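The block underneath contains the structure these notes are about, expressed in structure tokens.
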Amino acid sequence: MLTGGFILFAAFSYLSLLFAIAYYGDKRADQGRSIIRNPYIYSLSIAVYCTSWTYYGSVGRAASAGIGFLPIYLGPTLTFVLWWFLLRRIIHISKVNRITSIADFIASRYGKSTLLGGLVTVIAVVGIMPYISLQLKALSTSFNVLIQYPEIIMPAGARRVPVLSDTVFYAAAAMATFSILFGTRHIDATEHHEGMVAAIAFESLIKLVAFLAVGLFVTFGMYDGFGDLFARAAEAPDLAGLFTLEGAGGYGQWAALTILAMAAIICLPRQFQVTVVENTDEAHLRKAVWLFPLYLLIINLFVLPIAFGGRLQFPDGSVDPDTFVLTLPMAMNREALALLVFIGGLSAATAMVIVATIALSTMVCNDLVMPILLRLRWLRLTERKDLGDLLLGIRRTAIVFMLILGYLYVRLIGESYALVSIGLVSFAAAAQFAPAIVGGIFWKGATRSGALAGLLAGFAIWAYTLLLPSFARSGWLPDAFIENGPFGIALLMPYQLFGLRGLDAVSHAVVWSMLANIGCYIGVSLVTDQSAIERAQAAMFVDAFRRGQVDEPFWRGTAMVRDLRALVARFIGVRRAEASFVRYAKRRGLDLARAGAADAGLVEFAERELAGAIGAASARVMVSSVVK
Amino acid sequence: MSRKGATPKAVRPRRRHGGGRRASQGDRVVALFLLGALLFNAPVLLLFDVEAFVLGIPVLYVYLFLAWAALIVLMALNARHADAAALADSPPPNVHGPPPPRPPDGDA
């Protein structure tokens with residue numbers, strides 16, 4: 001039954017179903033009868049946090065480190081405990097300012113800085129590349145393993161096959177097509193993607209059901225419950241050590257991973273997208289704060305049983321632990337279950353890739369490419385009639401570009417690493433945003449220069465201690481780079497920077513990059529001054545919940561109402577622009593038809609409307625083109 | 001949503017009829033976070049980091065999942081107290097707020 005053709009058929013049927021759900025979700029949203037406006041769908045969509053890493057990788061990690069996989073899920077729980085201070089504020093601020101991405105958020109806070117937005121985007125794209133490659137690797141591995149049924153044969157490394165017969169390549173191509181179809185169909189490029197949210201909420205259900213099915217099968221089908229399974233594992237001398245933290249990498253790593261995951265749940269671009277940007281109602285957070293951690297707990301219940309089951313079933317180590325979820329049902333000749341597992345893994349991978357590429361492509365478009373294009377005067381973009389197509393074109397190109405990057409990373413690097421190790425590199429990159437975000441909503445004095453310095457320093461150390469060594473370990477840089485340091489300078493050894501020993505690579509990178517990041521952020525903020533707009537934005541972010549505050553309009557100068565209206569229309573379409581201006585006029589009791597010049601409030605309103613489509617920094621450039 | 005027409009209420013300090021101050025959502029959230037950080041970290045974790053079994057399951061595993069579950073239950077109980085109106089306790093500045101008192105030409 002499980003021929004290549006049949007597996008592909010099942011996979012494409014599943015993807016078509018997803019697409020139908022997304023289509024339906026979008027249609028309902030257009031009619032104003034949203035299907036995602038409830039806390040349950042919202043919580044499930046946040047569960048896009050659980051990717052192939054959770055689905056295949058956790059078991060792989062647990063097979064060699066016992067409970068050591070768990071901090072990745074305890075961390076987000078701790079962050080969600082603090083929802084009242086963090087998530088609630090961030091969501092509120094983002095709604096008020098029509099924030100479209102994490103780069104937009106940071107850029108807005110520090111004076112709508114195009115430079116900062118661009119830097120965040122570059123860090124995010126480079127940092128998430130390993131994470132996307134992890135999904136591609138897991139997807140192609142699971143396909144290559146399943147296709148061998150009933151044999152259990154580990155696929156050969158991707159590097160040994162030519163590109164065109166490499167399943168990872170096709171996985172990447174399929175994902176790119178799918179993400180483009182999903183995220184960039186609309187002409188109106190606003191910040192919400194209701195269809196996508198509906199689809200990933202559904203995917204969260206599928207991966208949970210599939211994983212629980214394997215877990216129950218292993219625990220109660222292959223063994224006689226948890227007790228029996230662990231008792232057998234205890235008899236195996238090399239497994240008993242995994243019952244304590246000793247085998248899990250010790251307390252230092254435990255704490256470092258917890259902190260990383262705490263940051264990641266907010267700072268990963270895709271988590272920011274689903275939790276903050278796609279939030280439809282701030283009140284949903286009250287249920288999501290415990291429903292999402294509950295989801296994490298349930299999906300992790302059977303990780304250890306499957307890991308031990310796998311170690312007992314394949315004691316000779318010929319089977320990659322990252323594939324235990326799939327190979328255990330295969331070894332027991334459960335065809336249907338194996339196929340369900342494959343579909344579950346497919347849903348875990350596609351959900352991550354879709355949301356991550358959509359979030360990143362929005363950032364690349366709004367915070368990197370558009371600001372540059374708008375500055376190139378000879379393009380005369382500020383005079384073009386309809387820019388909606390241009391926005392979508394940039395986003396589509398960005399999606400393809402990111403999947404190509406992800407594919408290259410698997411091909412060059414991914415083979416030599418387990419899934420979790422690849423993912424942790426991305427977590428450490430995303431965590432670099434945490435100081436600028438958390439500092440930005442609590443500390444009015446933090447400056448743009450401070451944020452720039454912190455991000456640059458943190459990113460540089462991350463690249464040096466995690467990214468470059470991964471190239472060395474895969475043979476693309478000389479081994480001596482890791483062993484003796486560059487040019488033989490021992491103090492600069494990337495895994496033992498300045499002689500810091502006794503930490504694993506990830507904890508080591510977290511310690512140094514966070515030290516540099518937070519140190520520069522605070523230090524430089526203390527010695528630099530804020531511009532007027534920085535001060536205004538800082539006050540708006542930090543005092544988000546203070547009542548009665550009417551922020552001073554920043555715009556000085558005049559604009560004509562018709563110019564503003566035409567400007568907004570070029571990005572979001574004539575009809576929607578007209579409607580939103582009419583709504584605004586009604587609320588303020590203005591007669592726009594008679595008003596020639598716009599007041600500062602209207603200019604700000606127009607800027608906010610634009611920000612929803614192209615981000616705060618670009619919106620500012622566009623609006624300043626019509627303000628005289 | 002049902003809360004749409006509700007007038008925004010102040011979050012804190014919330015007062016009971018007796019006049020005493022009730023712990024705010026913020027206070028309880030901080031306490032819960034400290035509890036979570038304590039339960040999931042070294043000194044307390046050490047107590048359970050032993051090779052022993054409860055109902056055949058390693059103590060460390062049982063402890064971590066139970067502590068996690070307990071924390072989630074407390075979060076759920078606590079979040080119920082955060083009343084919906086308090087979530088949007090201020091009107092977003094400049095969006096629904098009063099019009100700024102300036103002349104229509106906006107020249108400054």
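Each chain in the structure tokens gets a letter, A, B and so on, in the order shown; residues start at 1 in every chain, and ligands are counted from 1 in the order they appear.
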Select from chain A every residue with an atom at most 7 Å from any atom of chain B, then for each give the shortest pair of atoms and their distance in Å to one decimal, using only C-alpha atoms, rows by chain and rising number, as JSON lines.
```
{"residue": "A:Leu78", "atom": "CA", "partner": "B:Phe33", "partner_atom": "CA", "distance": 6.3}
{"residue": "A:Val81", "atom": "CA", "partner": "B:Phe33", "partner_atom": "CA", "distance": 5.8}
{"residue": "A:Leu82", "atom": "CA", "partner": "B:Val29", "partner_atom": "CA", "distance": 5.9}
{"residue": "A:Trp84", "atom": "CA", "partner": "B:Gly26", "partner_atom": "CA", "distance": 6.3}
{"residue": "A:Val96", "atom": "CA", "partner": "B:Pro92", "partner_atom": "CA", "distance": 5.6}
{"residue": "A:Phe226", "atom": "CA", "partner": "B:Ile57", "partner_atom": "CA", "distance": 6.6}
{"residue": "A:Gly227", "atom": "CA", "partner": "B:Gly56", "partner_atom": "CA", "distance": 4.0}
{"residue": "A:Phe230", "atom": "CA", "partner": "B:Ile57", "partner_atom": "CA", "distance": 6.2}
{"residue": "A:Ala231", "atom": "CA", "partner": "B:Gly56", "partner_atom": "CA", "distance": 6.4}
{"residue": "A:Phe243", "atom": "CA", "partner": "B:Pro58", "partner_atom": "CA", "distance": 6.1}
{"residue": "A:Thr244", "atom": "CA", "partner": "B:Asp49", "partner_atom": "CA", "distance": 5.4}
{"residue": "A:Leu245", "atom": "CA", "partner": "B:Asp49", "partner_atom": "CA", "distance": 6.3}
{"residue": "A:Tyr251", "atom": "CA", "partner": "B:Ala42", "partner_atom": "CA", "distance": 6.3}
{"residue": "A:Glu282", "atom": "CA", "partner": "B:Leu87", "partner_atom": "CA", "distance": 6.7}
{"residue": "A:Ala283", "atom": "CA", "partner": "B:Ala84", "partner_atom": "CA", "distance": 5.9}
{"residue": "A:Arg286", "atom": "CA", "partner": "B:Ala79", "partner_atom": "CA", "distance": 5.5}
{"residue": "A:Trp290", "atom": "CA", "partner": "B:Ala76", "partner_atom": "CA", "distance": 5.4}
{"residue": "A:Pro293", "atom": "CA", "partner": "B:Ile72", "partner_atom": "CA", "distance": 6.8}
{"residue": "A:Leu294", "atom": "CA", "partner": "B:Ile72", "partner_atom": "CA", "distance": 6.7}
{"residue": "A:Phe545", "atom": "CA", "partner": "B:Ser90", "partner_atom": "CA", "distance": 5.7}
{"residue": "A:Arg546", "atom": "CA", "partner": "B:Ser90", "partner_atom": "CA", "distance": 6.7}
{"residue": "A:Arg547", "atom": "CA", "partner": "B:Ser90", "partner_atom": "CA", "distance": 5.2}
{"residue": "A:Gln549", "atom": "CA", "partner": "B:Pro93", "partner_atom": "CA", "distance": 6.7}
{"residue": "A:Val550", "atom": "CA", "partner": "B:Pro93", "partner_atom": "CA", "distance": 5.9}
{"residue": "A:Asp551", "atom": "CA", "partner": "B:Pro93", "partner_atom": "CA", "distance": 6.7}
{"residue": "A:Arg556", "atom": "CA", "partner": "B:Ala108", "partner_atom": "CA", "distance": 5.9}
{"residue": "A:Gly557", "atom": "CA", "partner": "B:Asp107", "partner_atom": "CA", "distance": 5.5}
{"residue": "A:Thr558", "atom": "CA", "partner": "B:Asp107", "partner_atom": "CA", "distance": 6.2}
{"residue": "A:Arg588", "atom": "CA", "partner": "B:Pro99", "partner_atom": "CA", "distance": 6.3}
{"residue": "A:Ala597", "atom": "CA", "partner": "B:Asp105", "partner_atom": "CA", "distance": 5.6}
{"residue": "A:Ala598", "atom": "CA", "partner": "B:Asp105", "partner_atom": "CA", "distance": 6.2}
{"residue": "A:Asp599", "atom": "CA", "partner": "B:Gly106", "partner_atom": "CA", "distance": 4.3}
{"residue": "A:Ala600", "atom": "CA", "partner": "B:Gly106", "partner_atom": "CA", "distance": 5.3}
{"residue": "A:Gly601", "atom": "CA", "partner": "B:Pro100", "partner_atom": "CA", "distance": 6.8}
```
Once you have the residues from the selection above, write them out as an mmCIF file, in the first residue's frame, restricted to N, CA and C atoms.
```
data_model
loop_
_atom_site.group_PDB
_atom_site.id
_atom_site.type_symbol
_atom_site.label_atom_id
_atom_site.label_comp_id
_atom_site.auth_asym_id
_atom_site.auth_seq_id
_atom_site.Cartn_x
_atom_site.Cartn_y
_atom_site.Cartn_z
ATOM 1 N N LEU A 78 6.517 29.499 31.139
ATOM 2 C CA LEU A 78 6.893 30.585 32.055
ATOM 3 C C LEU A 78 6.621 31.957 31.432
ATOM 4 N N VAL A 81 3.046 32.658 31.692
ATOM 5 C CA VAL A 81 2.650 33.047 33.044
ATOM 6 C C VAL A 81 2.698 34.568 33.167
ATOM 7 N N LEU A 82 3.679 35.166 32.514
ATOM 8 C CA LEU A 82 3.866 36.615 32.605
ATOM 9 C C LEU A 82 3.030 37.394 31.593
ATOM 10 N N TRP A 84 0.386 39.018 31.563
ATOM 11 C CA TRP A 84 -0.168 40.307 31.946
ATOM 12 C C TRP A 84 0.812 41.435 31.669
ATOM 13 N N VAL A 96 -2.765 49.050 18.310
ATOM 14 C CA VAL A 96 -2.909 50.496 18.190
ATOM 15 C C VAL A 96 -2.082 51.016 17.019
ATOM 16 N N PHE A 226 3.053 2.627 31.103
ATOM 17 C CA PHE A 226 4.276 3.369 31.410
ATOM 18 C C PHE A 226 5.227 2.559 32.294
ATOM 19 N N GLY A 227 4.654 1.941 33.359
ATOM 20 C CA GLY A 227 5.474 1.216 34.336
ATOM 21 C C GLY A 227 6.304 0.137 33.667
ATOM 22 N N PHE A 230 9.130 1.660 31.380
ATOM 23 C CA PHE A 230 10.283 2.208 32.098
ATOM 24 C C PHE A 230 11.040 1.116 32.850
ATOM 25 N N ALA A 231 10.312 0.084 33.322
ATOM 26 C CA ALA A 231 10.980 -1.015 34.016
ATOM 27 C C ALA A 231 11.940 -1.735 33.065
ATOM 28 N N PHE A 243 17.387 8.581 33.327
ATOM 29 C CA PHE A 243 16.279 8.875 34.240
ATOM 30 C C PHE A 243 16.541 10.100 35.105
ATOM 31 N N THR A 244 17.773 10.572 35.140
ATOM 32 C CA THR A 244 18.084 11.746 35.953
ATOM 33 C C THR A 244 18.614 12.862 35.060
ATOM 34 N N LEU A 245 18.811 14.025 35.671
ATOM 35 C CA LEU A 245 19.296 15.171 34.902
ATOM 36 C C LEU A 245 20.755 15.027 34.511
ATOM 37 N N TYR A 251 22.478 20.968 34.968
ATOM 38 C CA TYR A 251 21.596 22.090 35.309
ATOM 39 C C TYR A 251 21.876 23.340 34.499
ATOM 40 N N GLU A 282 -8.177 41.013 22.033
ATOM 41 C CA GLU A 282 -7.244 40.914 23.155
ATOM 42 C C GLU A 282 -7.763 40.009 24.272
ATOM 43 N N ALA A 283 -9.083 39.868 24.375
ATOM 44 C CA ALA A 283 -9.641 39.051 25.453
ATOM 45 C C ALA A 283 -9.345 37.557 25.257
ATOM 46 N N ARG A 286 -6.806 35.604 27.542
ATOM 47 C CA ARG A 286 -7.087 35.048 28.875
ATOM 48 C C ARG A 286 -7.204 33.534 28.844
ATOM 49 N N TRP A 290 -3.461 29.663 29.269
ATOM 50 C CA TRP A 290 -3.297 28.330 29.866
ATOM 51 C C TRP A 290 -3.577 27.220 28.859
ATOM 52 N N PRO A 293 -0.046 26.366 26.992
ATOM 53 C CA PRO A 293 0.815 25.492 27.792
ATOM 54 C C PRO A 293 0.227 24.095 27.972
ATOM 55 N N LEU A 294 -1.108 24.016 28.047
ATOM 56 C CA LEU A 294 -1.731 22.697 28.183
ATOM 57 C C LEU A 294 -1.475 21.856 26.930
ATOM 58 N N PHE A 545 -0.863 51.595 28.412
ATOM 59 C CA PHE A 545 -2.127 51.408 29.120
ATOM 60 C C PHE A 545 -2.513 52.600 29.977
ATOM 61 N N ARG A 546 -1.685 53.647 29.956
ATOM 62 C CA ARG A 546 -2.043 54.815 30.759
ATOM 63 C C ARG A 546 -3.215 55.516 30.086
ATOM 64 N N ARG A 547 -4.210 55.848 30.893
ATOM 65 C CA ARG A 547 -5.404 56.405 30.284
ATOM 66 C C ARG A 547 -5.335 57.918 30.179
ATOM 67 N N GLN A 549 -4.216 59.626 27.956
ATOM 68 C CA GLN A 549 -3.051 60.189 27.291
ATOM 69 C C GLN A 549 -3.374 60.446 25.828
ATOM 70 N N VAL A 550 -3.267 61.661 25.405
ATOM 71 C CA VAL A 550 -3.437 61.970 23.988
ATOM 72 C C VAL A 550 -2.053 62.291 23.471
ATOM 73 N N ASP A 551 -1.558 61.460 22.590
ATOM 74 C CA ASP A 551 -0.176 61.720 22.199
ATOM 75 C C ASP A 551 -0.111 62.898 21.239
ATOM 76 N N ARG A 556 4.414 67.886 11.559
ATOM 77 C CA ARG A 556 4.337 69.340 11.441
ATOM 78 C C ARG A 556 4.428 69.643 9.953
ATOM 79 N N GLY A 557 3.489 70.413 9.477
ATOM 80 C CA GLY A 557 3.434 70.637 8.038
ATOM 81 C C GLY A 557 2.042 70.314 7.568
ATOM 82 N N THR A 558 1.744 70.575 6.314
ATOM 83 C CA THR A 558 0.386 70.338 5.841
ATOM 84 C C THR A 558 0.374 69.331 4.720
ATOM 85 N N ARG A 588 -14.735 61.582 13.846
ATOM 86 C CA ARG A 588 -14.245 62.894 14.286
ATOM 87 C C ARG A 588 -15.206 64.024 13.972
ATOM 88 N N ALA A 597 -7.082 70.975 3.449
ATOM 89 C CA ALA A 597 -5.865 70.515 4.097
ATOM 90 C C ALA A 597 -6.225 69.567 5.235
ATOM 91 N N ALA A 598 -5.375 68.586 5.444
ATOM 92 C CA ALA A 598 -5.619 67.611 6.508
ATOM 93 C C ALA A 598 -4.987 68.103 7.800
ATOM 94 N N ASP A 599 -5.657 67.815 8.936
ATOM 95 C CA ASP A 599 -5.020 68.168 10.206
ATOM 96 C C ASP A 599 -4.042 67.060 10.590
ATOM 97 N N ALA A 600 -3.282 67.329 11.648
ATOM 98 C CA ALA A 600 -2.242 66.373 12.035
ATOM 99 C C ALA A 600 -2.824 65.013 12.384
ATOM 100 N N GLY A 601 -4.031 65.036 12.982
ATOM 101 C CA GLY A 601 -4.674 63.771 13.344
ATOM 102 C C GLY A 601 -4.940 62.921 12.117
#
```
**Report entry** Shell around A:Phe314 at 10 Å using only C-alpha atoms, local window under 6 positions removed, as a PyMOL selection string
**Finding:** chain A and resi 308+320-321+324+327-328+331
Query raised in the report: Any idea what's packed within 8 Å of A:Leu2, counting only C-alpha atoms, ignoring anything in its chain fewer than 3 positions away? Could you give it as a PyMOL selection string?
Result: chain A and resi 6-7+146-147+149+335+339
**Report entry** Close residues, stretch 618-621 of chain A itself excluded, 10 Å, only C-alpha atoms, min 2 positions apart in chain, as a PyMOL selection string
**Finding:** chain A and resi 104+112-114+117+365-375+382+568+604+606-616+623-626
**Report entry** stretch 413-430 of chain A environment, 6 Å, only C-alpha atoms, sequence neighbours closer than 5 positions dropped, as a VMD selection string
**Finding:** chain A and resid 53 57 127 to 128 130 to 131 134 264 267 to 268 474
Report task. Figure out the distance between atom CA of A:Thr51 and atom CA of A:Pro71, please, to one decimal in Å. Result ->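 Those two atoms sit 15.5 Å apart.
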Query raised in the report: atom CA of A:Leu229 and atom CA of A:Met332, how far apart in Å?
Result: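 Between atom CA of A:Met332 and atom CA of A:Leu229 the gap is 16.1 Å.
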**Report entry** d(atom CA of A:Gly250, atom CA of A:Gln496) in Å
**Finding:** 18.0 Å
Query raised in the report: How would you write, as a PyMOL selection string, the set of residues in stretch 413-617 of chain A that DSSP gives as helix (DSSP H, G or I)?
Result: chain A and resi 414-416+419-442+448-473+480-483+486-488+490-492+497-499+505-527+532-542+561-572+574-588+600-614+616-617
